[in-house]
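**Q** So here's entry_31.txt, just compact mmCIF, C-alpha atoms and all ligand atoms:
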# COMPACT_ATOMS: atom_id res chain seq x y z
CA MET A 1 90.63 104.92 220.07
CA LEU A 2 92.72 103.60 217.22
CA HIS A 3 93.79 105.99 214.53
CA ARG A 4 91.87 105.00 211.37
CA ARG A 5 95.00 103.92 209.53
CA ASN A 6 96.18 101.79 212.43
CA PHE A 7 92.71 100.42 212.85
CA LEU A 8 92.69 99.26 209.24
CA ARG A 9 96.19 97.90 209.57
CA THR A 10 95.06 95.93 212.60
CA ALA A 11 91.95 94.81 210.76
CA ALA A 12 94.07 93.58 207.88
CA ALA A 13 96.32 91.76 210.30
CA LEU A 14 93.29 89.99 211.74
CA THR A 15 92.35 88.80 208.26
CA GLY A 16 95.72 87.14 207.96
CA ALA A 17 97.27 89.86 205.84
CA ALA A 18 100.70 91.29 206.46
CA THR A 19 101.25 93.51 209.44
CA PHE A 20 104.51 94.65 207.92
CA CYS A 21 104.83 95.91 204.41
CA PRO A 22 108.43 96.17 203.19
CA GLN A 23 107.46 98.65 200.51
CA ASN A 24 105.91 100.86 203.16
CA LEU A 25 102.92 101.30 200.91
CA TRP A 26 100.03 100.95 203.32
CA ALA A 27 97.08 102.82 201.91
CA GLU A 28 96.43 106.09 203.61
CA VAL A 29 92.78 105.76 204.41
CA ALA A 30 90.84 108.98 204.77
CA PRO A 31 89.28 109.67 208.16
CA GLY A 32 85.56 109.01 207.98
CA MET A 33 85.88 106.11 205.54
CA LEU A 34 82.95 103.78 206.24
CA VAL A 35 84.34 100.34 207.03
CA ARG A 36 81.60 97.91 206.00
CA SER A 37 83.60 94.89 207.12
CA ASP A 38 87.09 94.60 208.53
CA LYS A 39 87.60 90.89 207.82
CA PRO A 40 87.93 91.08 204.84
CA LEU A 41 88.47 94.79 204.43
CA ASN A 42 85.60 96.56 202.67
CA ALA A 43 85.23 100.30 202.95
CA GLU A 44 83.55 103.13 201.09
CA PRO A 45 83.90 106.89 201.41
CA PRO A 46 81.09 109.08 202.70
CA LEU A 47 79.21 110.14 199.55
CA ALA A 48 80.09 113.79 200.06
CA ASP A 49 83.79 112.91 199.60
CA LEU A 50 83.13 111.47 196.14
CA VAL A 51 82.14 114.78 194.58
CA LYS A 52 85.08 116.82 195.90
CA ASP A 53 87.14 116.03 192.81
CA PHE A 54 86.82 114.22 189.49
CA PHE A 55 89.65 111.90 190.57
CA THR A 56 89.11 110.19 193.91
CA PRO A 57 92.13 110.49 196.22
CA VAL A 58 93.61 107.03 196.88
CA GLU A 59 92.80 107.31 200.58
CA SER A 60 89.10 107.82 199.74
CA PHE A 61 88.90 105.21 196.97
CA PHE A 62 86.54 102.39 197.97
CA ILE A 63 88.14 99.06 198.90
CA ARG A 64 86.46 95.77 198.05
CA SER A 65 88.38 92.64 199.03
CA HIS A 66 86.98 89.13 199.41
CA GLY A 67 89.98 87.81 201.34
CA ASN A 68 93.30 88.93 202.75
CA THR A 69 95.62 91.61 201.40
CA PRO A 70 98.57 89.43 200.41
CA GLU A 71 102.12 90.46 201.16
CA VAL A 72 104.07 90.20 197.94
CA ASP A 73 107.86 89.90 197.84
CA ILE A 74 108.71 91.88 194.74
CA LYS A 75 112.05 90.09 194.35
CA THR A 76 110.45 86.71 193.81
CA TYR A 77 107.17 87.94 192.28
CA ARG A 78 106.38 86.66 188.78
CA LEU A 79 103.40 87.26 186.52
CA ARG A 80 102.68 83.97 184.73
CA VAL A 81 101.02 84.04 181.28
CA GLU A 82 99.86 80.65 179.98
CA GLY A 83 97.07 78.72 178.25
CA LEU A 84 96.38 79.23 174.55
CA VAL A 85 99.67 80.96 173.87
CA GLY A 86 102.68 79.92 171.79
CA LYS A 87 105.17 81.23 174.35
CA PRO A 88 104.22 81.11 178.06
CA LEU A 89 105.79 83.93 180.06
CA ASP A 90 107.06 84.44 183.60
CA LEU A 91 107.50 88.19 183.91
CA THR A 92 109.19 89.98 186.78
CA PHE A 93 107.63 93.21 188.00
CA SER A 94 110.41 95.22 186.32
CA GLU A 95 109.87 93.40 183.03
CA VAL A 96 106.20 94.37 183.02
CA LYS A 97 107.24 97.98 183.54
CA GLU A 98 110.14 98.00 181.11
CA LYS A 99 109.31 95.61 178.26
CA PHE A 100 105.99 97.19 177.34
CA ARG A 101 104.90 100.73 176.54
CA SER A 102 103.23 102.33 179.53
CA ARG A 103 99.71 103.61 178.96
CA THR A 104 97.70 105.97 181.15
CA VAL A 105 93.98 105.27 181.41
CA ALA A 106 91.44 107.18 183.50
CA ALA A 107 88.70 104.81 184.61
CA THR A 108 85.88 104.73 187.11
CA ILE A 109 85.70 101.42 188.93
CA THR A 110 82.43 100.36 190.50
CA CYS A 111 81.41 97.26 192.37
CA ALA A 112 78.46 95.31 190.97
CA GLY A 113 77.05 95.47 194.51
CA ASN A 114 77.10 99.28 194.69
CA ARG A 115 73.83 100.49 196.31
CA ARG A 116 72.99 96.95 197.54
CA ILE A 117 71.73 98.41 200.82
CA GLU A 118 68.74 99.89 198.99
CA MET A 119 67.79 96.52 197.51
CA SER A 120 68.34 94.93 200.93
CA ALA A 121 65.73 97.29 202.37
CA VAL A 122 63.13 95.60 200.13
CA LYS A 123 64.20 92.07 201.17
CA PRO A 124 67.48 91.42 203.00
CA ILE A 125 70.44 90.29 200.92
CA SER A 126 73.66 88.94 202.36
CA GLY A 127 76.95 90.49 201.30
CA VAL A 128 78.57 93.86 201.93
CA GLN A 129 75.84 96.41 202.56
CA TRP A 130 77.16 99.06 200.20
CA ASP A 131 75.59 102.48 200.07
CA ALA A 132 76.27 104.37 196.80
CA GLY A 133 79.99 104.81 197.55
CA ALA A 134 81.36 101.59 196.04
CA ILE A 135 82.53 103.61 193.06
CA SER A 136 85.63 105.76 192.53
CA THR A 137 87.73 107.20 189.73
CA ALA A 138 91.50 107.19 189.22
CA GLU A 139 94.17 107.48 186.61
CA TRP A 140 95.94 104.15 186.15
CA ILE A 141 99.27 103.45 184.46
CA GLY A 142 100.32 100.07 183.19
CA ALA A 143 101.16 97.82 180.29
CA THR A 144 98.34 96.93 177.96
CA LEU A 145 97.04 93.40 178.23
CA ALA A 146 97.09 93.30 174.42
CA GLU A 147 100.86 93.79 174.26
CA ILE A 148 101.52 91.21 176.97
CA LEU A 149 99.37 88.69 175.09
CA GLN A 150 101.12 89.57 171.86
CA MET A 151 104.49 88.79 173.42
CA ALA A 152 103.05 85.48 174.62
CA GLU A 153 101.96 84.75 171.05
CA ILE A 154 98.26 84.40 171.77
CA LYS A 155 96.61 81.75 169.58
CA PRO A 156 93.71 82.50 167.21
CA GLU A 157 91.35 80.13 169.04
CA ALA A 158 91.51 82.33 172.19
CA LYS A 159 88.07 83.49 173.37
CA HIS A 160 88.51 84.47 177.03
CA VAL A 161 91.31 85.68 179.26
CA TRP A 162 91.36 84.67 182.93
CA PHE A 163 92.97 86.60 185.74
CA ASP A 164 94.00 85.00 189.03
CA GLY A 165 94.79 86.94 192.19
CA LEU A 166 97.29 85.92 194.87
CA ASP A 167 94.81 86.30 197.72
CA ASP A 168 93.19 83.57 199.81
CA VAL A 169 89.43 83.76 199.99
CA ALA A 170 87.53 81.52 202.42
CA LYS A 171 85.16 79.14 200.64
CA LYS A 172 81.66 78.49 201.98
CA ASP A 173 82.35 74.77 202.42
CA GLY A 174 85.77 75.26 204.04
CA GLY A 175 89.24 75.82 202.65
CA PHE A 176 90.48 78.71 200.56
CA GLU A 177 90.65 79.67 196.91
CA ASN A 178 92.01 82.71 195.14
CA PHE A 179 89.79 85.42 193.64
CA GLY A 180 89.64 85.26 189.85
CA GLY A 181 88.13 87.16 186.98
CA SER A 182 87.74 86.64 183.27
CA ILE A 183 86.92 88.78 180.23
CA PRO A 184 85.89 87.93 176.68
CA ILE A 185 88.59 88.54 174.11
CA GLU A 186 86.46 91.16 172.29
CA LYS A 187 87.00 93.50 175.23
CA ILE A 188 90.70 93.51 174.44
CA TYR A 189 90.66 93.55 170.65
CA GLY A 190 87.25 94.87 169.68
CA HIS A 191 85.75 92.51 167.19
CA ASN A 192 88.97 92.03 165.31
CA LYS A 193 91.18 89.00 165.50
CA PRO A 194 93.85 89.21 168.20
CA THR A 195 96.65 90.58 166.07
CA GLY A 196 97.93 92.59 168.99
CA ASN A 197 97.68 95.95 167.28
CA VAL A 198 93.99 96.74 167.61
CA MET A 199 93.48 98.73 170.77
CA SER A 200 90.56 100.78 171.93
CA ALA A 201 91.22 104.27 173.26
CA ASP A 202 90.94 102.88 176.76
CA PRO A 203 92.68 99.52 176.70
CA VAL A 204 92.60 96.86 179.37
CA LEU A 205 95.66 97.42 181.55
CA VAL A 206 97.93 95.38 183.71
CA ALA A 207 98.37 98.38 185.98
CA TYR A 208 101.17 99.21 188.40
CA HIS A 209 100.36 102.83 189.20
CA MET A 210 97.26 104.46 190.64
CA ALA A 211 97.12 108.25 190.88
CA GLY A 212 100.81 108.53 190.01
CA LYS A 213 102.04 106.15 192.71
CA PRO A 214 102.64 102.39 192.95
CA LEU A 215 99.41 100.56 193.74
CA SER A 216 98.79 100.47 197.48
CA PRO A 217 98.56 96.97 199.05
CA ASP A 218 94.78 97.19 199.42
CA HIS A 219 94.34 98.23 195.79
CA GLY A 220 96.38 95.35 194.38
CA TYR A 221 100.15 95.89 194.73
CA PRO A 222 102.15 95.09 192.70
CA LEU A 223 99.92 94.51 189.63
CA ARG A 224 96.20 94.43 188.90
CA THR A 225 94.06 94.44 185.81
CA ILE A 226 92.00 97.51 185.01
CA VAL A 227 89.07 96.72 182.74
CA PRO A 228 87.38 100.05 181.95
CA GLY A 229 83.60 99.79 181.66
CA PHE A 230 83.35 96.36 183.29
CA ILE A 231 82.24 95.69 186.87
CA GLY A 232 85.07 96.03 189.39
CA ALA A 233 85.24 92.25 189.89
CA ARG A 234 87.00 91.93 186.54
CA SER A 235 89.79 94.29 187.65
CA VAL A 236 91.70 91.63 189.55
CA LYS A 237 94.09 92.79 192.27
CA TRP A 238 97.40 91.12 193.24
CA LEU A 239 97.50 89.59 189.78
CA GLY A 240 99.53 86.36 189.73
CA LYS A 241 98.45 84.62 186.57
CA ILE A 242 96.86 85.33 183.19
CA THR A 243 95.43 82.33 181.34
CA VAL A 244 94.21 82.41 177.75
CA SER A 245 91.34 80.01 177.10
CA ASP A 246 88.45 79.21 174.80
CA GLN A 247 85.96 79.53 177.69
CA PRO A 248 85.30 81.76 180.73
CA SER A 249 87.25 81.11 183.92
CA PRO A 250 85.96 78.33 186.20
CA ASN A 251 86.80 80.52 189.22
CA HIS A 252 83.84 80.89 191.62
CA TYR A 253 83.68 84.66 191.02
CA VAL A 254 83.02 84.10 187.33
CA ALA A 255 81.29 80.71 187.26
CA ASP A 256 78.83 81.19 190.18
CA ALA A 257 79.05 84.67 191.68
CA TYR A 258 78.65 88.07 189.99
CA LYS A 259 75.53 86.98 188.13
CA VAL A 260 72.04 88.51 188.33
CA LEU A 261 70.01 85.70 189.94
CA ALA A 262 66.39 85.48 191.05
CA GLU A 263 66.94 82.65 193.57
CA ASP A 264 70.68 81.94 193.75
CA THR A 265 70.31 78.18 193.28
CA PRO A 266 73.23 76.14 191.86
CA ALA A 267 71.12 75.40 188.74
CA GLU A 268 70.46 79.09 188.18
CA GLN A 269 74.12 79.93 188.78
CA ARG A 270 75.11 77.48 186.06
CA ALA A 271 72.48 78.76 183.63
CA LYS A 272 73.18 82.50 183.86
CA ASP A 273 76.01 84.41 182.18
CA PRO A 274 78.57 86.36 184.21
CA ILE A 275 78.09 90.13 184.47
CA TYR A 276 80.66 92.06 182.49
CA GLU A 277 79.54 95.64 181.67
CA THR A 278 78.42 98.04 184.35
CA VAL A 279 74.96 99.62 184.16
CA THR A 280 74.09 103.29 183.89
CA ASN A 281 73.80 104.69 187.38
CA ALA A 282 73.72 107.97 189.29
CA ALA A 283 73.58 109.05 192.91
CA ILE A 284 73.07 112.15 194.99
CA CYS A 285 76.18 112.74 197.10
CA LEU A 286 75.26 116.15 198.52
CA PRO A 287 73.25 116.89 200.56
CA SER A 288 73.53 113.77 202.71
CA ALA A 289 70.41 111.86 203.70
CA GLY A 290 68.86 113.48 206.78
CA ALA A 291 70.66 116.81 206.25
CA LYS A 292 69.02 119.90 207.74
CA LEU A 293 68.74 122.62 205.11
CA SER A 294 67.26 126.09 204.82
CA ALA A 295 64.30 126.63 202.50
CA GLY A 296 65.23 128.26 199.20
CA LYS A 297 67.94 127.56 196.67
CA ASN A 298 70.21 124.63 197.55
CA SER A 299 72.94 122.96 195.58
CA ILE A 300 72.50 119.23 194.89
CA ALA A 301 75.56 117.30 193.64
CA GLY A 302 76.35 113.76 192.61
CA TYR A 303 77.85 111.41 190.10
CA ALA A 304 76.53 109.62 187.01
CA PHE A 305 78.20 106.77 185.16
CA ALA A 306 77.16 105.34 181.79
CA ALA A 307 76.86 101.59 181.16
CA GLY A 308 80.19 100.22 180.00
CA LEU A 309 79.53 99.91 176.29
CA ALA A 310 82.15 101.54 174.08
CA GLY A 311 81.09 105.03 173.02
CA ASN A 312 78.22 105.27 175.50
CA ARG A 313 78.06 108.45 177.58
CA ILE A 314 75.80 110.18 180.04
CA LYS A 315 73.41 112.40 178.10
CA GLN A 316 71.67 114.06 181.01
CA VAL A 317 71.04 113.91 184.74
CA GLU A 318 67.77 115.17 186.22
CA VAL A 319 66.66 115.97 189.74
CA SER A 320 63.12 115.86 191.11
CA ILE A 321 61.63 116.97 194.42
CA ASP A 322 58.08 115.75 193.66
CA HIS A 323 58.67 111.99 193.25
CA GLY A 324 59.28 112.25 189.52
CA ARG A 325 56.30 114.38 188.43
CA THR A 326 58.65 117.13 187.27
CA TRP A 327 62.39 117.08 186.68
CA THR A 328 65.13 119.75 186.53
CA LYS A 329 68.18 119.17 184.39
CA ALA A 330 71.48 119.09 186.28
CA MET A 331 74.69 120.62 184.93
CA LEU A 332 77.33 118.08 184.00
CA GLY A 333 80.83 119.03 185.18
CA LYS A 334 83.86 118.95 182.91
CA LYS A 335 84.89 115.37 182.25
CA LYS A 336 88.62 115.39 182.85
CA ALA A 337 89.58 112.20 181.01
CA GLY A 338 88.52 108.73 179.94
CA ALA A 339 85.73 107.14 177.97
CA PHE A 340 84.73 104.99 180.94
CA THR A 341 84.70 107.61 183.67
CA TRP A 342 81.88 109.21 185.59
CA ASP A 343 80.37 112.66 185.20
CA LEU A 344 80.04 114.78 188.30
CA TRP A 345 76.97 117.00 188.26
CA THR A 346 75.29 119.79 190.20
CA ALA A 347 71.82 121.28 190.23
CA ASP A 348 70.50 124.35 192.04
CA ILE A 349 67.09 123.45 193.35
CA VAL A 350 64.62 125.56 195.34
CA LEU A 351 63.52 123.45 198.30
CA PRO A 352 60.26 124.10 200.19
CA ALA A 353 60.02 123.66 203.97
CA GLY A 354 59.29 120.16 205.24
CA ASP A 355 60.72 116.69 204.67
CA VAL A 356 61.71 116.63 201.00
CA THR A 357 62.60 113.54 198.97
CA VAL A 358 65.21 114.48 196.38
CA SER A 359 65.50 112.00 193.49
CA CYS A 360 67.97 111.80 190.65
CA ARG A 361 68.08 109.80 187.44
CA ALA A 362 70.49 109.65 184.52
CA THR A 363 69.90 109.03 180.83
CA ASP A 364 72.68 107.72 178.61
CA GLU A 365 73.25 108.17 174.89
CA SER A 366 71.85 104.74 174.11
CA GLY A 367 68.49 106.16 175.29
CA PHE A 368 68.35 104.26 178.61
CA THR A 369 66.89 106.20 181.55
CA MET A 370 67.23 104.93 185.11
CA PRO A 371 63.86 103.51 186.19
CA ALA A 372 61.79 104.48 189.23
CA GLU A 373 61.97 100.89 190.42
CA LYS A 374 64.27 97.99 189.73
CA PRO A 375 63.40 94.34 190.28
CA TRP A 376 65.08 92.79 193.35
CA ASN A 377 67.77 90.18 192.66
CA ALA A 378 69.21 87.63 195.05
CA LYS A 379 72.74 89.08 195.12
CA GLY A 380 71.78 92.75 195.02
CA TYR A 381 73.75 93.51 191.88
CA LEU A 382 73.49 96.39 189.41
CA PHE A 383 70.95 98.39 191.41
CA ASN A 384 70.18 101.50 189.41
CA SER A 385 66.72 102.84 190.08
CA TRP A 386 66.39 106.56 190.94
CA HIS A 387 68.66 107.44 193.82
CA GLN A 388 66.86 109.32 196.57
CA VAL A 389 67.73 111.19 199.76
CA VAL A 390 65.27 112.65 202.23
CA VAL A 391 66.30 116.00 203.70
CA SER A 392 64.72 118.14 206.38
CA VAL A 393 64.10 121.70 205.18
CA GLN A 394 63.29 124.58 207.55
N1 LIG A 401 90.91 91.09 193.13
C1 LIG A 401 91.25 90.19 194.05
N2 LIG A 401 92.38 89.48 193.87
N3 LIG A 401 90.49 89.95 195.15
C2 LIG A 401 89.32 90.62 195.34
O1 LIG A 401 88.66 90.41 196.36
N4 LIG A 401 87.73 92.28 194.45
C3 LIG A 401 87.19 92.74 193.18
C4 LIG A 401 88.25 93.48 192.37
N5 LIG A 401 89.47 92.72 192.34
C5 LIG A 401 88.91 91.58 194.38
C6 LIG A 401 89.77 91.79 193.27
C7 LIG A 401 86.04 93.61 193.30
S1 LIG A 401 84.57 92.82 193.59
C8 LIG A 401 86.11 94.95 193.09
S2 LIG A 401 84.71 95.89 193.08
C9 LIG A 401 87.39 95.63 192.86
O2 LIG A 401 88.49 94.72 192.97
C10 LIG A 401 87.59 96.73 193.86
O3 LIG A 401 88.85 97.33 193.67
P1 LIG A 401 89.42 98.27 194.81
O4 LIG A 401 89.44 97.53 196.11
O5 LIG A 401 90.76 98.71 194.34
O6 LIG A 401 88.44 99.43 194.87
Go ahead and render the structure in this file as structure tokens.
**A**
Amino acid sequence: MLHRRNFLRTAAALTGAATFCPQNLWAEVAPGMLVRSDKPLNAEPPLADLVKDFFTPVESFFIRSHGNTPEVDIKTYRLRVEGLVGKPLDLTFSEVKEKFRSRTVAATITCAGNRRIEMSAVKPISGVQWDAGAISTAEWIGATLAEILQMAEIKPEAKHVWFDGLDDVAKKDGGFENFGGSIPIEKIYGHNKPTGNVMSADPVLVAYHMAGKPLSPDHGYPLRTIVPGFIGARSVKWLGKITVSDQPSPNHYVADAYKVLAEDTPAEQRAKDPIYETVTNAAICLPSAGAKLSAGKNSIAGYAFAAGLAGNRIKQVEVSIDHGRTWTKAMLGKKKAGAFTWDLWTADIVLPAGDVTVSCRATDESGFTMPAEKPWNAKGYLFNSWHQVVVSVQ
């Protein structure tokens, strides 16, 4: 049997990615990581691993890639900045690290398709069948996008900023395109004009470090954007180009995909807006579904994450063992850092003998409470009804 790390390395090789990484930065992938697809590489940690620490170790951090993991030669690598700017830039990796102040931002990243498998159980949905583990938290270090755009002399008519990755993603109708993302300018500057000096406490980063180390190849080496509070798709890995525009990116992953659609027709894709902010969500990570437990007091643990609106936080998490007739408040753990990071929580619950359905729901400070049911959507995005596990109690 292949060692997990070698297995993933082989899997990446099969996708066309490098088998040799000169920086020797292959991600250490934790044993037990659940590989949802190897071509391209998509993996999530077992839920129990998510609640071991506020910060997810890099080797347990979920990986969501639509194409290959590109091999980047750092000597020839350039980050291009163009579009509605007075001074287009071609920055080397060292220039990004040295010409701008480095900022540290703790942020939880979650895929819009997190928990898709539950929606798929109602009516099958194609795409990676994520359980609730397509979410992780890390401390990122990088230059702020605001300062890079300031150096490029961003023009006042700028409304959106596009990000293009260096990967090759297979298109449905043949050929390849790169993965791209895009964010509205307000995310970078608040509602002020882009003067370059208005920054939120958790700015959008062009990040080069994750958990104190250079980004691993699977997490975007050498540079990626980190957009706290937005769905993971806007945190573009292997960043090659930033384009300032007056409209959202035409890239497939902004123009057609990552939208909440009832039917997924081309007309509906055109009509709907891209998803930007995450939604409030929570999941039970311990005990695992199907666990055998002893009757009496048991500890239930999980995560909760507030929708990505500035200033929004988790107000409370509740646990029920009677399908929502009664709820017990969970204890929120100490939030270590970040405005857009999750809360880990625990609750001591007395479980009776039998098969018990344990449910959890979170309420955020805007007053939103996760619903018992959530309407199905064609791509399985933003699923956030009560999370439930059934355990066997003796
Ligand atoms: N960037 C590129 N270039 N290619 C990708 O496939 N996937 C996006 C985003 N950035 C992706 C990308 C999606 S959908 C998510 S959820 C996050 O990366 C996942 O980041 P991670 O793999 O570091 O967890």
**Q** Return as a Markdown table the residues of chain A lying at most 7 Å from ligand LIG 401 (chain A), together with the closest atom-to-atom pair for each and the distance in Å to one decimal, counting all atoms listed in the file, with rows in chain order and ascending residue number.
**A**
| residue | atom | partner | partner_atom | distance |
| --- | --- | --- | --- | --- |
| A:Phe61 | CA | A:LIG401 | O6 | 6.2 |
| A:Phe62 | CA | A:LIG401 | O6 | 4.7 |
| A:Ile63 | CA | A:LIG401 | O4 | 3.4 |
| A:Arg64 | CA | A:LIG401 | O4 | 4.0 |
| A:Ser65 | CA | A:LIG401 | O1 | 3.5 |
| A:His66 | CA | A:LIG401 | O1 | 3.7 |
| A:Gly67 | CA | A:LIG401 | O1 | 5.8 |
| A:Ile109 | CA | A:LIG401 | O6 | 6.8 |
| A:Thr110 | CA | A:LIG401 | S2 | 5.6 |
| A:Cys111 | CA | A:LIG401 | S2 | 3.6 |
| A:Ala112 | CA | A:LIG401 | S2 | 6.6 |
| A:Asp164 | CA | A:LIG401 | N2 | 6.8 |
| A:Gly165 | CA | A:LIG401 | N2 | 3.9 |
| A:Leu166 | CA | A:LIG401 | N2 | 6.1 |
| A:Asp167 | CA | A:LIG401 | N2 | 5.6 |
| A:Asn178 | CA | A:LIG401 | N2 | 6.9 |
| A:Phe179 | CA | A:LIG401 | N2 | 4.8 |
| A:Gly180 | CA | A:LIG401 | N2 | 6.4 |
| A:Asp218 | CA | A:LIG401 | O4 | 6.3 |
| A:His219 | CA | A:LIG401 | O5 | 3.9 |
| A:Gly220 | CA | A:LIG401 | O5 | 6.5 |
| A:Ile231 | CA | A:LIG401 | S2 | 6.7 |
| A:Gly232 | CA | A:LIG401 | S2 | 3.7 |
| A:Ala233 | CA | A:LIG401 | C7 | 3.8 |
| A:Arg234 | CA | A:LIG401 | C4 | 6.2 |
| A:Ser235 | CA | A:LIG401 | N5 | 5.0 |
| A:Val236 | CA | A:LIG401 | N1 | 3.7 |
| A:Lys237 | CA | A:LIG401 | N1 | 3.7 |
| A:Trp238 | CA | A:LIG401 | N2 | 5.3 |
| A:Leu239 | CA | A:LIG401 | N2 | 6.6 |
**Q** Looking at A:Lys159, A:Arg103, A:Lys187, A:His209, which one is nearest to Ser245 in chain A, with distances taken over all atoms listed in the file?
**A**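 Once distances to Ser245 in chain A are computed over all atoms listed in the file, the minimum belongs to A:Lys159.
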**Q** Which residue is closest to Met119 in chain A? Choose from A:Leu382, A:Thr92, A:Thr326, A:Gln394 and count all atoms listed in the file.
**A**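 Selected residue with least distance to Met119 in chain A: A:Leu382.
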**Q** Using all atoms listed in the file, which residue out of A:Glu263, A:Ser249, A:Asp202, A:Ile183 lies closest to Trp376 in chain A?
**A**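 Among the listed residues, A:Glu263 lies closest to Trp376 in chain A.
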**Q** Work out how far CA of Ser94 in chain A is from CA of Met210 in chain A, in Å to one decimal.
**A** 16.6 Å
**Q** For CA of Leu332 in chain A and CA of Ala283 in chain A, determine how far apart the two atoms are, in Å to one decimal place.
**A**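 About the pair CA of Leu332 in chain A and CA of Ala283 in chain A: they are 13.2 Å apart.
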**Q** Using all atoms listed in the file, pick whichever of A:Lys259, A:Lys329, A:Lys97, A:Arg224 has the shortest atom-to-atom distance to Ile349 in chain A.
**A**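 Selected residue with least distance to Ile349 in chain A: A:Lys329.
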**Q** Which residues of range 87-173 of chain A come within 12 Å of range 33-52 of chain A, and what is each one's closest atom pair and distance in Å (one decimal), counting only C-alpha atoms, sorted by chain and residue number, as a tab-separated table?
**A**
residue	atom	partner	partner_atom	distance
A:Thr108	CA	A:Leu50	CA	11.6
A:Thr110	CA	A:Glu44	CA	11.0
A:Cys111	CA	A:Glu44	CA	10.7
A:Gly113	CA	A:Asn42	CA	11.9
A:Asn114	CA	A:Glu44	CA	9.9
A:Arg115	CA	A:Glu44	CA	11.1
A:Ile117	CA	A:Arg36	CA	11.2
A:Gly127	CA	A:Ser37	CA	9.9
A:Val128	CA	A:Arg36	CA	6.5
A:Gln129	CA	A:Arg36	CA	6.9
A:Trp130	CA	A:Arg36	CA	7.4
A:Asp131	CA	A:Glu44	CA	8.1
A:Ala132	CA	A:Leu47	CA	7.0
A:Gly133	CA	A:Glu44	CA	5.3
A:Ala134	CA	A:Glu44	CA	5.7
A:Ile135	CA	A:Glu44	CA	8.1
A:Ser136	CA	A:Leu50	CA	7.2
A:Thr137	CA	A:Leu50	CA	9.0
A:Ala138	CA	A:Leu50	CA	11.7
A:Asp167	CA	A:Pro40	CA	11.0
A:Asp168	CA	A:Pro40	CA	10.5
A:Val169	CA	A:Pro40	CA	8.9
A:Ala170	CA	A:Pro40	CA	9.9
**Q** Could you write those residues out with C-alpha atoms, as an mmCIF file, in the frame of the given file?
**A**
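Okay, part-v1.cif is ready:
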data_model
loop_
_atom_site.group_PDB
_atom_site.id
_atom_site.type_symbol
_atom_site.label_atom_id
_atom_site.label_comp_id
_atom_site.auth_asym_id
_atom_site.auth_seq_id
_atom_site.Cartn_x
_atom_site.Cartn_y
_atom_site.Cartn_z
ATOM 1 C CA THR A 108 85.880 104.730 187.110
ATOM 2 C CA THR A 110 82.430 100.360 190.500
ATOM 3 C CA CYS A 111 81.410 97.260 192.370
ATOM 4 C CA GLY A 113 77.050 95.470 194.510
ATOM 5 C CA ASN A 114 77.100 99.280 194.690
ATOM 6 C CA ARG A 115 73.830 100.490 196.310
ATOM 7 C CA ILE A 117 71.730 98.410 200.820
ATOM 8 C CA GLY A 127 76.950 90.490 201.300
ATOM 9 C CA VAL A 128 78.570 93.860 201.930
ATOM 10 C CA GLN A 129 75.840 96.410 202.560
ATOM 11 C CA TRP A 130 77.160 99.060 200.200
ATOM 12 C CA ASP A 131 75.590 102.480 200.070
ATOM 13 C CA ALA A 132 76.270 104.370 196.800
ATOM 14 C CA GLY A 133 79.990 104.810 197.550
ATOM 15 C CA ALA A 134 81.360 101.590 196.040
ATOM 16 C CA ILE A 135 82.530 103.610 193.060
ATOM 17 C CA SER A 136 85.630 105.760 192.530
ATOM 18 C CA THR A 137 87.730 107.200 189.730
ATOM 19 C CA ALA A 138 91.500 107.190 189.220
ATOM 20 C CA ASP A 167 94.810 86.300 197.720
ATOM 21 C CA ASP A 168 93.190 83.570 199.810
ATOM 22 C CA VAL A 169 89.430 83.760 199.990
ATOM 23 C CA ALA A 170 87.530 81.520 202.420
#
**Q** Do you know which residues lie at most 7 Å from (105.9, 89.5, 187.2), with coordinates as in the file and only C-alpha atoms counted, and could you write them as a PyMOL selection string?
**A** chain A and resi 77-80+90-93+95-96
**Q** To one decimal place, how far is CA of Ser126 in chain A from CA of Glu373 in chain A in Å?
**A** 20.5 Å
**Q** Go through A:Ala295, A:Ala301, A:Val393, A:Ala262 and flag the residue nearest Val350 in chain A, using all atoms listed in the file for the distances.
**A**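 Closest to Val350 in chain A, using all atoms listed in the file: A:Ala295.
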**Q** With all atoms listed in the file as the basis for distance, which of A:Gly354, A:Gly338, A:Pro203, A:Pro124 is at the shortest distance from Glu147 in chain A?
**A**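 Of all the options, A:Pro203 lies closest to Glu147 in chain A.
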**Q** Considering only C-alpha atoms, return as JSON, numbers by chain whatever protein or nucleic-acid residues lie within 8 Å of Thr243 in chain A, sequence-local ones (same chain, fewer than 3 positions apart) excluded.
**A** {"A": [81, 82, 83, 84, 161, 162, 163]}
**Q** Padding of 8 Å on every side, edges along x, y and z, all listed atoms of range 315-322 of chain A included: what centre and edge lengths in Å, to one decimal, does that box have, as lines of an AutoDock Vina configuration file?
**A**
center_x = 65.7
center_y = 114.7
center_z = 186.3
size_x = 31.3
size_y = 20.6
size_z = 32.3
